[in-house]
Structure formats: C-alpha cells, structure tokens
$ cat start31.cif   # mmCIF, C-alpha atoms
data_query
#
loop_
_atom_site.label_atom_id
_atom_site.label_comp_id
_atom_site.auth_asym_id
_atom_site.auth_seq_id
_atom_site.Cartn_x
_atom_site.Cartn_y
_atom_site.Cartn_z
CA MET A 24 105.91 21.12 89.91
CA SER A 25 107.00 17.47 89.95
CA TRP A 26 104.64 14.65 89.12
CA PHE A 27 104.07 13.83 92.79
CA ASP A 28 103.57 17.38 94.16
CA ALA A 29 100.03 18.04 95.35
CA ASP A 30 97.60 20.79 94.41
CA PRO A 31 96.46 22.12 97.84
CA ALA A 32 93.08 23.12 96.46
CA ALA A 33 92.25 19.49 95.67
CA LEU A 34 93.17 17.90 99.00
CA GLU A 35 89.67 17.57 100.44
CA ALA A 36 88.49 13.99 99.78
CA PRO A 37 84.82 13.60 98.90
CA ALA A 38 83.04 11.99 101.83
CA ARG A 39 81.16 9.64 99.51
CA TYR A 40 84.38 7.77 98.75
CA ALA A 41 85.56 7.32 102.35
CA GLY A 42 84.31 3.71 102.40
CA LEU A 43 86.96 2.79 99.82
CA ASP A 44 89.54 2.91 102.62
CA LEU A 45 88.16 -0.43 103.78
CA LEU A 46 89.29 -2.13 100.56
CA ALA A 47 92.56 -4.04 100.36
CA THR A 48 93.05 -3.05 96.70
CA ALA A 49 94.19 0.40 95.60
CA VAL A 50 91.51 2.68 94.15
CA LEU A 51 91.89 6.04 92.39
CA ILE A 52 88.88 8.20 91.59
CA VAL A 53 89.72 10.39 88.61
CA GLY A 54 88.04 13.73 87.92
CA ALA A 55 86.90 15.00 84.55
CA ASP A 56 89.98 17.23 84.44
CA GLY A 57 92.21 14.16 84.66
CA ALA A 58 93.32 14.86 88.22
CA VAL A 59 93.06 12.34 91.06
CA ALA A 60 89.99 13.29 93.12
CA TYR A 61 90.39 10.56 95.71
CA ALA A 62 92.93 7.88 96.65
CA ASN A 63 92.24 5.24 99.28
CA GLN A 64 94.72 4.02 101.89
CA ALA A 65 95.76 1.03 99.80
CA ALA A 66 96.65 3.42 96.96
CA GLU A 67 98.94 5.35 99.30
CA GLN A 68 100.82 2.14 100.00
CA LEU A 69 100.91 1.06 96.36
CA PHE A 70 102.31 4.37 95.08
CA ASP A 71 104.45 4.91 98.18
CA LEU A 72 102.95 8.39 98.43
CA SER A 73 100.55 10.02 100.86
CA ARG A 74 97.01 10.96 99.86
CA ARG A 75 98.12 14.58 100.09
CA SER A 76 100.70 13.87 97.40
CA LEU A 77 98.29 11.96 95.15
CA VAL A 78 95.14 14.06 95.18
CA GLY A 79 95.11 16.87 92.65
CA HIS A 80 97.62 15.42 90.19
CA ARG A 81 97.02 14.11 86.75
CA ALA A 82 96.27 10.42 87.12
CA ALA A 83 97.93 9.54 83.82
CA ARG A 84 101.32 10.74 85.08
CA LEU A 85 101.22 8.12 87.83
CA PHE A 86 101.58 5.43 85.16
CA ALA A 87 104.15 4.65 82.48
CA GLU A 88 101.31 4.27 79.96
CA GLU A 89 100.03 7.84 80.17
CA GLY A 90 98.26 7.77 76.81
CA GLU A 91 96.23 4.68 77.65
CA VAL A 92 95.02 6.17 80.93
CA GLU A 93 94.08 9.40 79.12
CA GLN A 94 92.13 7.30 76.60
CA MET A 95 90.23 5.51 79.37
CA LEU A 96 89.32 8.87 80.92
CA ALA A 97 88.12 10.23 77.58
CA GLU A 98 85.91 7.18 77.04
CA ALA A 99 84.55 7.45 80.58
CA CYS A 100 83.72 11.12 80.07
CA ALA A 101 81.87 10.15 76.88
CA ASN A 102 80.06 7.31 78.71
CA ASN A 103 81.66 4.80 76.36
CA LEU A 104 83.92 2.95 78.77
CA GLY A 105 81.89 0.41 80.69
CA LEU A 106 84.46 -1.91 82.30
CA ARG A 107 88.01 -2.57 81.11
CA ARG A 108 90.88 -4.69 82.44
CA GLN A 109 94.36 -3.70 81.43
CA LEU A 110 97.97 -4.15 82.50
CA LEU A 111 99.64 -0.91 83.58
CA SER A 112 102.92 0.06 85.22
CA VAL A 113 102.78 2.24 88.32
CA ARG A 114 105.45 4.91 88.65
CA ARG A 115 106.89 5.25 92.15
CA PRO A 116 109.50 7.72 93.43
CA HIS A 117 113.03 6.28 93.42
CA ARG A 118 111.80 2.76 92.65
CA GLU A 119 111.28 0.57 89.62
CA PRO A 120 107.84 0.70 87.91
CA LEU A 121 105.42 -1.83 89.39
CA PRO A 122 103.21 -3.93 87.07
CA VAL A 123 99.55 -3.92 88.13
CA GLN A 124 96.25 -5.28 86.89
CA ALA A 125 93.99 -2.25 86.41
CA VAL A 126 90.21 -2.42 86.31
CA ALA A 127 88.78 0.81 84.86
CA SER A 128 85.12 1.53 85.57
CA ALA A 129 82.93 4.38 84.39
CA LEU A 130 81.14 6.10 87.31
CA TYR A 131 78.76 8.07 85.09
CA ALA A 132 79.34 11.20 87.15
CA ASP A 133 80.23 14.51 85.54
CA ASP A 134 82.78 15.50 88.18
CA THR A 135 84.39 12.07 88.72
CA PRO A 136 83.78 9.88 85.65
CA LEU A 137 86.47 7.21 86.19
CA ALA A 138 87.50 4.72 88.87
CA LEU A 139 90.74 2.76 88.64
CA GLU A 140 91.13 -0.31 90.83
CA LEU A 141 94.72 -1.54 90.94
CA ALA A 142 96.05 -4.89 92.12
CA GLU A 143 99.68 -5.99 92.14
CA ILE A 144 100.18 -8.84 89.71
CA GLU A 145 102.79 -10.39 91.98
CA GLN A 146 100.71 -10.15 95.15
CA GLN A 147 99.52 -13.74 94.96
CA LEU A 148 103.03 -14.92 94.14
CA LYS A 149 104.27 -12.92 97.11
CA VAL A 150 101.76 -14.59 99.43
CA THR A 151 102.80 -18.00 98.15
CA ARG A 152 106.48 -17.20 98.65
CA GLU A 153 105.77 -15.92 102.15
CA GLU A 154 103.92 -19.10 103.10
CA HIS A 155 106.76 -21.23 101.74
CA GLN A 156 109.30 -19.10 103.60
CA LEU A 157 107.40 -19.44 106.88
CA ASP A 158 107.21 -23.22 106.53
CA GLN A 159 110.86 -23.49 105.51
CA THR A 160 112.02 -21.17 108.28
CA GLU A 161 110.17 -23.11 110.96
CA ALA A 162 111.56 -26.42 109.68
CA ASN A 163 115.10 -25.02 109.64
CA ARG A 164 114.66 -23.56 113.11
CA GLN A 165 113.50 -26.84 114.61
CA LEU A 166 116.34 -28.72 112.90
CA LEU A 167 118.97 -26.29 114.14
CA ARG A 168 117.63 -26.27 117.69
CA SER A 169 117.75 -30.07 117.79
CA LEU A 170 121.22 -30.07 116.28
CA ALA A 171 122.45 -27.41 118.72
CA HIS A 172 121.25 -29.43 121.71
CA GLU A 173 122.91 -32.56 120.36
CA ILE A 174 126.22 -30.70 119.86
CA LYS A 175 126.19 -28.93 123.22
CA ASN A 176 126.85 -31.90 125.54
CA PRO A 177 129.73 -33.62 123.67
CA LEU A 178 131.25 -30.19 123.03
CA GLY A 179 131.59 -29.63 126.77
CA GLY A 180 133.20 -33.05 127.12
CA ILE A 181 135.71 -32.31 124.36
CA ARG A 182 136.70 -29.02 125.97
CA GLY A 183 137.06 -30.61 129.42
CA ALA A 184 139.18 -33.45 128.08
CA ALA A 185 141.43 -30.96 126.25
CA GLN A 186 141.94 -29.01 129.48
CA LEU A 187 142.87 -32.17 131.39
CA LEU A 188 145.24 -33.22 128.61
CA GLU A 189 146.86 -29.77 128.61
CA GLY A 190 147.74 -30.19 132.27
CA GLU A 191 149.55 -33.48 131.53
CA LEU A 192 151.68 -32.10 128.72
CA ALA A 193 155.17 -30.85 129.48
CA SER A 194 155.96 -29.27 126.11
CA ALA A 195 154.63 -25.80 125.22
CA GLU A 196 154.50 -26.88 121.58
CA GLN A 197 152.21 -29.78 122.47
CA ARG A 198 150.03 -27.55 124.64
CA GLU A 199 149.53 -25.33 121.60
CA TYR A 200 147.43 -28.13 120.05
CA THR A 201 145.19 -28.39 123.14
CA ARG A 202 144.73 -24.61 123.11
CA VAL A 203 143.53 -24.87 119.51
CA ILE A 204 141.01 -27.55 120.57
CA ILE A 205 139.79 -25.41 123.49
CA GLY A 206 139.57 -22.29 121.32
CA GLU A 207 137.58 -24.05 118.62
CA ALA A 208 135.30 -25.65 121.23
CA ASP A 209 134.62 -22.19 122.68
CA ARG A 210 133.87 -20.81 119.21
CA LEU A 211 131.40 -23.62 118.52
CA GLN A 212 129.85 -23.11 121.97
CA SER A 213 129.29 -19.46 121.13
CA LEU A 214 127.69 -20.45 117.82
CA VAL A 215 125.38 -22.92 119.57
CA ASP A 216 124.43 -20.30 122.16
CA ARG A 217 123.48 -17.89 119.40
CA LEU A 218 121.31 -20.54 117.75
CA LEU A 219 119.47 -21.15 121.02
CA ALA A 220 119.35 -17.52 122.18
CA PRO A 221 115.92 -16.55 120.77
CA HIS A 222 114.27 -19.38 122.72
CA ARG A 223 116.06 -19.01 126.06
CA HIS A 224 115.08 -15.66 127.46
CA PRO A 225 111.55 -14.63 128.47
CA ARG A 226 110.07 -11.88 126.33
CA VAL A 227 109.27 -8.49 127.87
CA VAL A 228 106.43 -7.03 125.82
CA GLY A 229 105.22 -3.44 126.01
CA PRO A 230 104.97 -0.21 124.00
CA VAL A 231 108.11 0.47 121.95
CA ASN A 232 109.11 3.78 120.37
CA ILE A 233 110.65 2.64 117.12
CA HIS A 234 112.64 5.85 116.72
CA GLU A 235 114.39 5.22 120.04
CA VAL A 236 115.25 1.76 118.70
CA CYS A 237 116.61 3.30 115.49
CA GLU A 238 118.69 5.85 117.36
CA ARG A 239 120.17 3.16 119.59
CA VAL A 240 121.17 1.07 116.58
CA ARG A 241 122.43 4.11 114.68
CA ALA A 242 124.76 5.04 117.56
CA VAL A 243 126.18 1.51 117.74
CA ILE A 244 126.81 1.27 113.99
CA LEU A 245 128.45 4.69 113.78
CA ALA A 246 130.73 3.68 116.65
CA GLU A 247 131.70 0.51 114.77
CA PHE A 248 132.13 2.35 111.43
CA PRO A 249 133.25 5.87 112.38
CA ARG A 250 134.50 6.89 108.93
CA GLY A 251 133.15 6.54 105.42
CA LEU A 252 129.58 5.60 106.40
CA ALA A 253 126.57 7.89 106.74
CA VAL A 254 123.48 6.58 108.53
CA ARG A 255 120.66 8.89 107.54
CA ARG A 256 117.29 9.32 109.24
CA ASP A 257 114.01 9.47 107.32
CA TYR A 258 111.50 9.27 110.15
CA ASP A 259 107.78 9.86 110.14
CA ALA A 260 107.25 11.60 113.49
CA SER A 261 103.58 10.59 113.51
CA VAL A 262 104.37 6.84 113.66
CA PRO A 263 102.84 5.50 116.91
CA ASP A 264 104.51 3.08 119.30
CA VAL A 265 104.34 -0.60 118.48
CA HIS A 266 103.62 -3.40 120.94
CA GLY A 267 106.61 -5.68 121.21
CA ASP A 268 109.81 -6.71 122.96
CA ARG A 269 112.16 -3.71 122.85
CA GLU A 270 115.38 -5.69 123.26
CA GLN A 271 114.43 -8.17 120.55
CA LEU A 272 113.60 -5.34 118.14
CA ILE A 273 116.88 -3.58 118.90
CA GLN A 274 118.83 -6.78 118.24
CA ALA A 275 116.88 -7.55 115.05
CA LEU A 276 117.42 -4.07 113.62
CA LEU A 277 121.07 -4.07 114.71
CA ASN A 278 121.66 -7.35 112.86
CA VAL A 279 120.06 -6.00 109.68
CA VAL A 280 121.91 -2.66 109.76
CA ARG A 281 125.23 -4.31 110.64
CA ASN A 282 124.74 -6.73 107.74
CA ALA A 283 124.18 -3.74 105.44
CA ALA A 284 127.26 -1.96 106.78
CA GLN A 285 129.43 -5.03 106.29
CA ALA A 286 128.27 -5.24 102.68
CA LEU A 287 129.44 -1.66 102.10
CA ASP A 288 133.18 -2.28 102.50
CA ALA A 289 134.12 -0.84 99.13
CA ARG A 290 131.93 2.24 99.50
CA ILE A 291 133.15 2.83 103.06
CA ALA A 292 136.70 2.82 101.73
CA ALA A 293 135.60 5.31 99.06
CA GLY A 294 133.83 7.43 101.68
CA ASP A 295 130.36 7.40 100.08
CA ALA A 296 128.61 4.52 101.90
CA GLU A 297 125.07 5.29 103.02
CA ILE A 298 122.37 3.53 105.03
CA VAL A 299 118.92 5.08 105.37
CA LEU A 300 116.58 4.26 108.27
CA ARG A 301 113.03 5.08 107.17
CA THR A 302 109.83 4.72 109.21
CA ARG A 303 106.32 4.82 107.79
CA VAL A 304 102.85 3.50 108.56
CA ALA A 305 101.79 0.79 106.09
CA ARG A 306 98.13 0.06 105.44
CA GLN A 307 96.32 -3.14 104.52
CA VAL A 308 99.28 -5.51 104.81
CA THR A 309 99.34 -9.31 105.01
CA ILE A 310 101.68 -10.86 107.58
CA ALA A 311 101.81 -14.59 108.20
CA ARG A 312 98.50 -15.14 106.35
CA HIS A 313 96.70 -12.48 108.42
CA ARG A 314 95.48 -9.15 107.07
CA HIS A 315 96.28 -6.07 109.17
CA ARG A 316 94.78 -2.65 108.64
CA LEU A 317 97.86 -0.81 109.95
CA ALA A 318 101.47 -1.81 110.49
CA LEU A 319 104.78 -0.15 111.17
CA ALA A 320 107.05 -0.27 108.11
CA LEU A 321 110.72 0.12 109.00
CA HIS A 322 113.01 0.31 105.95
CA VAL A 323 116.78 -0.21 105.97
CA ILE A 324 118.19 0.94 102.63
CA ASP A 325 121.84 0.82 101.58
CA ASN A 326 123.74 1.76 98.43
CA GLY A 327 125.88 -1.38 98.38
CA PRO A 328 126.50 -3.92 95.63
CA GLY A 329 123.28 -5.85 96.27
CA ILE A 330 122.65 -9.43 97.30
CA PRO A 331 124.14 -12.07 94.96
CA GLU A 332 121.44 -13.61 92.81
CA GLU A 333 122.15 -17.12 94.07
CA LEU A 334 121.57 -16.03 97.69
CA LYS A 335 118.38 -13.99 97.30
CA GLU A 336 116.01 -16.86 97.99
CA ARG A 337 118.11 -18.15 100.91
CA ILE A 338 119.28 -14.95 102.56
CA PHE A 339 117.36 -15.66 105.80
CA TYR A 340 118.36 -19.31 106.00
CA PRO A 341 120.73 -20.29 108.83
CA LEU A 342 124.44 -20.50 108.03
CA VAL A 343 123.98 -18.81 104.63
CA SER A 344 126.35 -15.87 104.22
CA GLY A 345 127.60 -13.87 101.27
CA ARG A 346 130.57 -12.58 103.27
CA GLU A 347 133.80 -14.47 103.83
CA GLY A 348 134.07 -15.36 107.50
CA GLY A 349 130.40 -14.62 108.18
CA SER A 350 128.44 -16.99 110.43
CA GLY A 351 125.22 -16.66 108.43
CA LEU A 352 123.18 -16.18 111.63
CA GLY A 353 122.63 -12.42 111.76
CA LEU A 354 119.66 -12.24 109.40
CA THR A 355 118.31 -15.59 110.62
CA LEU A 356 118.16 -14.30 114.19
CA ALA A 357 116.73 -10.97 113.00
CA GLN A 358 113.91 -12.83 111.22
CA THR A 359 113.29 -14.97 114.32
CA PHE A 360 113.03 -11.95 116.63
CA ILE A 361 110.74 -10.11 114.21
CA GLN A 362 108.47 -13.12 113.79
CA GLN A 363 108.28 -13.49 117.58
CA ASN A 364 106.89 -9.94 117.57
CA ASP A 365 104.21 -11.01 115.03
CA GLY A 366 106.05 -9.24 112.24
CA ALA A 367 107.73 -10.05 108.96
CA ILE A 368 110.88 -9.04 107.11
CA GLU A 369 111.38 -8.94 103.36
CA VAL A 370 114.12 -7.77 101.04
CA ASP A 371 114.39 -6.21 97.60
CA SER A 372 117.87 -5.95 96.16
CA ARG A 373 119.63 -4.85 93.02
CA PRO A 374 123.14 -3.45 92.40
CA GLY A 375 123.37 -0.06 94.10
CA ARG A 376 120.32 -0.47 96.32
CA THR A 377 119.25 -3.09 98.84
CA GLU A 378 116.13 -2.51 100.93
CA PHE A 379 115.04 -4.56 103.91
CA ARG A 380 111.48 -3.86 105.08
CA ILE A 381 110.41 -4.83 108.59
CA LEU A 382 106.66 -4.92 109.21
CA ILE A 383 105.24 -4.95 112.75
CA PRO A 384 101.42 -4.90 112.96
CA TYR A 385 99.51 -2.54 115.21
CA THR A 386 97.13 -4.52 117.41
#
$ encode --input "start31.cif" --output "structure tokens"
Amino acid sequence: MSWFDADPAALEAPARYAGLDLLATAVLIVGADGAVAYANQAAEQLFDLSRRSLVGHRAARLFAEEGEVEQMLAEACANNLGLRRQLLSVRRPHREPLPVQAVASALYADDTPLALELAEIEQQLKVTREEHQLDQTEANRQLLRSLAHEIKNPLGGIRGAAQLLEGELASAEQREYTRVIIGEADRLQSLVDRLLAPHRHPRVVGPVNIHEVCERVRAVILAEFPRGLAVRRDYDASVPDVHGDREQLIQALLNVVRNAAQALDARIAAGDAEIVLRTRVARQVTIARHRHRLALALHVIDNGPGIPEELKERIFYPLVSGREGGSGLGLTLAQTFIQQNDGAIEVDSRPGRTEFRILIPYT
C-alpha cells in the first residue's frame, strides 16, 4: 500500500467535524492510532488528494518530518501538548514538498486526540503577487489598446500609399520594395487586430462543458503536431459545467496548449513529448481578491524544458516571448479571456515540468 492509498474501513467522516469544511485553512483530525480520521475540503486541495485518499492513512507519512508529527501525536495522547506552532513540509504526489505553518492542538479526546491546522507560508505572498499582476496586467492592457488604436489609422494610410506607388512603378524590382511595405503593413495590422480582439466581440455566456472544450483543443493540437507528441487526458468526470463564454475558453486553452507544444520542439523530435490535460474541482480558492468555495481547476502540464528564469515573472506580459519568432501575445490573450470569465491563470515551472493552472469559479 502506498502512502496515499486509503483504508476503506476509515472512510466515514465523523459528523461532528463536518463544520470544518467551512474553513479556508486545511485541517486534519488525527486518531489515536496515528491515522487521519477527518480531512476538510481545504486539506484535499492542499495535499492534492481526495478525502477518500487521505482518511485512514498515517498522518505522519503525509509530511517530510514524520518523527515530529509522531511526537506531537504522542504528546496529545498523553494530554501534554496544549498548542504548538511548527514549520512542516507537506508531501504531495508528483510535486515538490510544500512548506506550511502547522498549528497542532490537543483535542483531549481518546479517539481523536490531535488536530493539525495547516496554512501555506507563501499564501500571503501569492495574494500579493496576484494583486500586483492584476494591476500590472490592466495597465499593460490599457496601454496596448491605446497604442493599437494610434497605430491602426496611419498603418492603413501607409498601406494605401504603397499600393498607389506600386501602380506607378514600371520596374518589377522596384515593385518588390512596395510589396515588402504592403506585406509588413498587413502583418502589423494582424498584430493590432489580435491586440484588440478580446474587446471587439460581444461575449456569449452560458453553461460550458469543460471536457468538450478540452477535446476540441486536443484535436486541433494533434492535427498541428501529428507525430512525437502525446496529449493525455486526466479528466474528473464529476466536474460540473462552468458558466462562461465557450469560444473564449476554447481560445484561451488553445493558446496555452499550443504554447506548451511549441516549447516541446526537442522532445517532439525525440518522440517523447507529452502534454496532460487535467480537470479537477478546487475548493476554497481566492481569485481576484474574492474567495470562492468551489472552482474548476484545469491543469495543462508538459514535460518540456521549463520557462526561463528571467521570463517567469513576465510570462503573461504582452510581447514577451521565450521563442524566436513568437509574437508574445498567446498567453496574454489567454489571460485576458480567462479574466473576462472571472477566472485566473497561474504557472509553476521547472526543467522537465511546466504546469499552467486555469481557475474558473462556480457561481
């Protein structure tokens, strides 16, 4: 049995702890035998495991510091614990350990002597970064929209003048220069149109099956990259529909997945490139300074080289690209579409694994 396999006999959660699901912080109730007797919804999110996977397992094995958790349990069983604050590292499947601030409390109950309340140390830093990102993104968006409008009119004049000039030129060699001007004007026009696109079309909002969105994007990407790339599904069939604009969500996810595929050039050539589309329900999440009890969590995970360190903080900024020839608009537009659907996108990247997480709240 692995450390995250559940004991079926221990799956029934005591009704007296059901109110802990209302808390934003993760809570584990530990039995006298050292097994988790109850885990609230926030704990499921923190450990990236379901309650079914948590309940019934030795609590100490969920942490890197097993001995210290065992010591806290022993003191709680002996009624010697009281209250203790301690830094621990949460083990999570296939992910790096997560530092948390643990508050251990004795419950003075024979069957469940210990409660562990766990809060991510970086949560406040994350909120601060998110607020800064929102402010910076909005400022960049307004600047680019103004710039795009200012470019649009003279660009049309330049193209028109080049066309008129082309008609006056007798030499094919000279007309080659006007064709360059027209071609570059068209390219810039396309770039301006993409900058303005999220604000031009009316939104059509309704229920959206996220798995239909994923399948649509998966089909497009596999058509673009028919060899060397596997796009794997890891869907939670119980995920309900979200309320949003289907076309915007398709385009946002397509931009993210295409960005991942383009970063996998070397692995595609080697034939072992992989992108995983994972859907889950996230609980107690903060999006744009608002707390939501439930949200869709859509993960896009690739096994590429990772985002360069110097780009990590600016990856969603307009015109920032880590790929030669890239426009730097794909992720910017994806973020814009997701934010217009009241959601958020975040990224965690290291060599060999990059994970984008899209959060869309349930209203």
$ closest_residue --input "start31.cif" --among "A:Leu187, A:Thr359, A:Arg115, A:Ala55" --to "Leu72 of chain A" --atoms "all atoms listed in the file"
A:Arg115
$ atom_distance --input "start31.cif" --atom1 "atom CA of Ala283 of chain A" --atom2 "atom CA of Val254 of chain A"
10.8 Å
$ resolve_selection --input "start31.cif" --expression "the PyMOL selection byres ((chain A and resi 117-133) around 8)" --output "PyMOL selection string"
chain A and resi 55+87+95+99-100+102+104-116+134-144
$ residues_around --input "start31.cif" --residues "Asp44 of chain A" --least-positions-apart "2" --cutoff "8 Å" --atoms "only C-alpha atoms" --output "VMD selection string"
chain A and resid 41 to 42 46 to 47 63 to 65
$ closest_residue --input "start31.cif" --among "A:Ile181, A:Leu192, A:Leu321, A:Leu276" --to "Ala208 of chain A" --atoms "all atoms listed in the file"
A:Ile181
$ residues_around --input "start31.cif" --residues "Arg202 of chain A" --least-positions-apart "3" --cutoff "10 Å" --atoms "all atoms listed in the file" --output "tab-separated table (two decimals) with C-alpha atoms, keeping the file's coordinate frame"
chain	number	residue	atom	x	y	z
A	182	ARG	CA	136.70	-29.02	125.97
A	185	ALA	CA	141.43	-30.96	126.25
A	186	GLN	CA	141.94	-29.01	129.48
A	189	GLU	CA	146.86	-29.77	128.61
A	197	GLN	CA	152.21	-29.78	122.47
A	198	ARG	CA	150.03	-27.55	124.64
A	199	GLU	CA	149.53	-25.33	121.60
A	205	ILE	CA	139.79	-25.41	123.49
A	206	GLY	CA	139.57	-22.29	121.32
A	207	GLU	CA	137.58	-24.05	118.62
A	208	ALA	CA	135.30	-25.65	121.23
$ closest_residue --input "start31.cif" --among "A:Gln285, A:Thr377, A:Ser213, A:Gln358" --to "Val323 of chain A" --atoms "only C-alpha atoms"
A:Thr377
$ atom_distance --input "start31.cif" --atom1 "atom CA of Arg380 of chain A" --atom2 "atom CA of Ala320 of chain A"
6.5 Å
$ residues_around --input "start31.cif" --residues "segment 255-272 of chain A" --least-positions-apart "4" --cutoff "9 Å" --atoms "only C-alpha atoms" --output "number ranges by chain"
A: 221, 226-234, 236-238, 241, 276-277, 297-304, 318-319, 357, 360-361, 363-365, 383-386
$ atom_distance --input "start31.cif" --atom1 "atom CA of Val308 of chain A" --atom2 "atom CA of Phe70 of chain A"
14.2 Å
$ residues_around --input "start31.cif" --residues "Pro374 of chain A" --least-positions-apart "2" --cutoff "9 Å" --atoms "only C-alpha atoms" --output "PyMOL selection string"
chain A and resi 326-330+372+376-377
$ resolve_selection --input "start31.cif" --expression "the PyMOL selection byres ((chain A and resi 93) around 12)" --output "list in words"
Val53, Gly54, Ala55, Asp56, Gly57, Ala58, Arg81, Ala82, Ala83, Arg84, Leu85, Phe86, Ala87, Glu88, Glu89, Gly90, Glu91, Val92, Gln94, Met95, Leu96, Ala97, Glu98, Ala99, Cys100, Ala127 and Leu137 of chain A
$ resolve_selection --input "start31.cif" --expression "the PyMOL selection byres ((chain A and resi 367) around 7)" --output "PyMOL selection string"
chain A and resi 310+361-362+366+368-369+381-383
